[in-house]
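Please read the structure below before turning to the comments.
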Amino acid sequence: MLKFDNVSKRYSEAGDVLSNISFHLERGEMAFLTGHSGAGKSTLFKLIALIERASRGQIYLGGHNVSYAQDRQIPFLRRKMGLIFQDFKLLQDRTVFDNVALPLAVAGYGHREIARKVRAALDKVGLLGKEKKYPLTLSGGEQQRVGIARAVVNKPPMILADEPTGNLDPELAAEIMTLFTRFQQVGVTVLIVSHDIALIHKMDRRVLALDHGRLVAG
Ligand SMILES: Nc1ncnc2c1ncn2[C@@H]1O[C@H](COP(=O)(O)OP(=O)(O)OP(=O)(O)O)[C@@H](O)[C@H]1O
């Protein structure tokens, strides 16, 4: 599903922030990406999400080499991944429904199809009935579940989450992990960036660990 083959990322000011990274995540696998502050976790996340491009090496998504993808192909490739962020990145002036509908509207779905898919996604995260609410009227855990509904509404084969529980207490973090596990059980590949050692330990999944830009476990 996701393969890195000797990937490095160099910033002219910072030098190599990722060096010779190789790993392979199978379809339906769930793994954590961890490491100290500045180890390169966000940079690796950005390479997968095609927000940044690798300086060397090859990246394969769903069997396709995306290392040389042209800019105009990137929105299409990004639809194959559901992105989830620590700060939720919800539009505060839009309802829950509109936030979750956004990727579908961008992809050109009709109103009826959008309504059906949004309700199905909200149902999966336990937020059916909150469609008309605005994000700021929801708890942190609920806001992150809106973020997850938006990420999965297009049924992407892969979920990529950057510190998704960083702003949540342990109980809410556990609920979010239960949701990710459910998506994994239906074949979605899940990669979670986290430095929460206790959470990672409890989940007992594969751990990719970065240390100063090098993969030291995984
Ligand atoms: N756009 C950039 N230009 C130059 N250097 C960068 C850029 N982005 C990241 N870096 C550098 O790359 C290194 C890795 O940063 P990155 O944000 O990937 O680490 P991280 O593991 O996600 O850290 P944290 O847990 O603190 O978010 C750092 O030294 C950082 O300063």
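Lettering and numbering for the structure tokens are positional, with chains as A, B, ... in the shown order, residues counted from 1 in each chain, and ligands counted from 1 in the shown order.
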
Handout entry: Who sits within 9 Å of Ile197 (chain A), only C-alpha atoms, same chain under 4 positions skipped, as a PyMOL selection string
Key = chain A and resi 34+201-202

Handout entry: At most 8 Å from ligand 1 (only C-alpha atoms and all ligand atoms): residue list as a ChimeraX atom specification
Key = /A:11-18,34-45,195,210,212-213

Practice task
Mind checking which residues fall within 12 Å of Ser139 (chain A), counting only C-alpha atoms, ignoring those fewer than 3 positions away in the same chain, and posting them as a VMD selection string?
Solution key: chain A and resid 88 127 130 133 to 136 142 to 146 167 to 169 172

Handout entry: DSSP helix (DSSP H, G or I) residues within region 93-217 of chain A, as a VMD selection string
Key = chain A and resid 96 to 106 111 to 124 135 to 137 140 to 152 170 to 185 197 to 203

Practice task
List every residue of region 71-195 of chain A that DSSP, applied to the backbone, labels as strand (DSSP E), and write the result as number ranges by chain.
Solution key: A: 81-85, 158-162, 189-193

Exercise for the section: Would you kindly return, as a list in words, each protein, DNA or RNA residue with an atom no farther than 9 Å from any atom of Glu26 (chain A), considering only C-alpha atoms and excluding same-chain residues fewer than 5 positions away? Expected result: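 Residues meeting the cut-off are Met1, Leu2, Lys3 and Thr189 of chain A.
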
Pull C-alpha atoms from the residues just selected and write them as a short mmCIF file (atom, residue, chain, number, x, y, z; two decimals), in the first residue's frame.
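Just written: result08.cif:
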data_model
loop_
_atom_site.label_atom_id
_atom_site.label_comp_id
_atom_site.auth_asym_id
_atom_site.auth_seq_id
_atom_site.Cartn_x
_atom_site.Cartn_y
_atom_site.Cartn_z
CA MET A 1 0.00 0.00 0.00
CA LEU A 2 2.80 2.39 0.96
CA LYS A 3 6.45 1.83 0.21
CA THR A 189 -4.15 1.08 6.04
#

Handout entry: Selection near Ile114 (chain A), 9 Å with only C-alpha atoms, sequence-local residues under 6 positions removed, as an MDAnalysis selection string
Key = chainID A and resid 101 104:105

Just the selected residues (N, CA and C atoms), exported as a compact mmCIF listing (two decimals), in the first residue's frame, please.
# COMPACT_ATOMS: atom_id res chain seq x y z
N ALA A 101 -18.64 17.28 4.18
CA ALA A 101 -19.00 17.24 2.75
C ALA A 101 -17.91 17.80 1.85
N LEU A 104 -16.09 15.79 -0.80
CA LEU A 104 -17.01 15.27 -1.81
C LEU A 104 -17.40 16.38 -2.78
N ALA A 105 -17.61 17.58 -2.23
CA ALA A 105 -17.96 18.72 -3.08
C ALA A 105 -16.81 19.00 -4.04

Do you know which residues are at most 12 Å from Asp123 (chain A) counting only C-alpha atoms, after dropping those on the same chain fewer than 4 positions away, and could you put them as a PDB file with C-alpha atoms, in the first residue's frame?
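Generated file (around.pdb):
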ATOM      1  CA  PHE A  97     -22.200  18.548   7.654  1.00  0.00           C
ATOM      2  CA  VAL A 100     -17.452  16.527   6.170  1.00  0.00           C
ATOM      3  CA  ARG A 116     -25.882   9.983   1.853  1.00  0.00           C
ATOM      4  CA  LYS A 117     -22.094   9.691   2.187  1.00  0.00           C
ATOM      5  CA  VAL A 118     -21.816  12.403   4.862  1.00  0.00           C
ATOM      6  CA  ARG A 119     -24.450  10.717   7.001  1.00  0.00           C
ATOM      7  CA  LEU A 127     -21.876  11.853  15.367  1.00  0.00           C
ATOM      8  CA  LEU A 128     -25.131  11.321  13.523  1.00  0.00           C
ATOM      9  CA  GLY A 129     -27.507  14.048  14.708  1.00  0.00           C
ATOM     10  CA  LYS A 130     -24.775  16.697  15.022  1.00  0.00           C
ATOM     11  CA  GLU A 131     -24.818  17.688  11.337  1.00  0.00           C
ATOM     12  CA  ARG A 145     -14.280  12.763  15.124  1.00  0.00           C
ATOM     13  CA  VAL A 146     -15.574  15.340  12.625  1.00  0.00           C
ATOM     14  CA  ILE A 148     -11.997  11.689  10.978  1.00  0.00           C
ATOM     15  CA  ALA A 149     -15.415  11.636   9.257  1.00  0.00           C
ATOM     16  CA  ARG A 150     -14.096  14.175   6.739  1.00  0.00           C
ATOM     17  CA  VAL A 152     -12.906   8.825   5.526  1.00  0.00           C
ATOM     18  CA  VAL A 153     -15.980  10.183   3.688  1.00  0.00           C
ATOM     19  CA  LEU A 179     -12.219   4.224  15.618  1.00  0.00           C
TER      20      LEU A 179
END

Fill in the blank from the handout: A straight line from CA of Pro75 (chain A) to CA of Gly147 (chain A) spans 18.5 Å

Problem - For Met81 (chain A), the nearest of the candidates A:Asn6, A:Thr181, A:Asn154, A:Ser194, counting only C-alpha atoms - result: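 The closest residue to Met81 (chain A) is A:Asn154.
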
Completion exercise
Atom pair CA of Lys89 (chain A) + CA of Gly187 (chain A), distance 25.6 Å

Could you give me, as a PDB file with N, CA and C atoms, in the first residue's frame, the residues within 6 Å of Ala161 (chain A), counting only C-alpha atoms and dropping anything in the same chain fewer than 4 positions from it?
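Printed below is part-v5.pdb as written:
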ATOM      1  N   LEU A  83      -6.487  12.480   5.494  1.00  0.00           N
ATOM      2  CA  LEU A  83      -5.517  13.158   6.352  1.00  0.00           C
ATOM      3  C   LEU A  83      -6.196  13.697   7.611  1.00  0.00           C
ATOM      4  N   ILE A  84      -5.554  13.438   8.753  1.00  0.00           N
ATOM      5  CA  ILE A  84      -6.103  13.862  10.044  1.00  0.00           C
ATOM      6  C   ILE A  84      -5.007  14.605  10.804  1.00  0.00           C
ATOM      7  N   PHE A  85      -5.372  15.738  11.422  1.00  0.00           N
ATOM      8  CA  PHE A  85      -4.378  16.608  12.030  1.00  0.00           C
ATOM      9  C   PHE A  85      -4.648  16.807  13.521  1.00  0.00           C
ATOM     10  N   ILE A 192      -0.200   6.359  12.034  1.00  0.00           N
ATOM     11  CA  ILE A 192      -0.454   7.392  13.038  1.00  0.00           C
ATOM     12  C   ILE A 192       0.871   7.946  13.552  1.00  0.00           C
TER      13      ILE A 192
END

Handout entry: Among listed residues A:Ala209, A:Ile48, A:Ala120, A:Val188, nearest Asn65 (chain A) (using only C-alpha atoms)
Key =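 Closest to Asn65 (chain A) of all the choices is A:Ile48.
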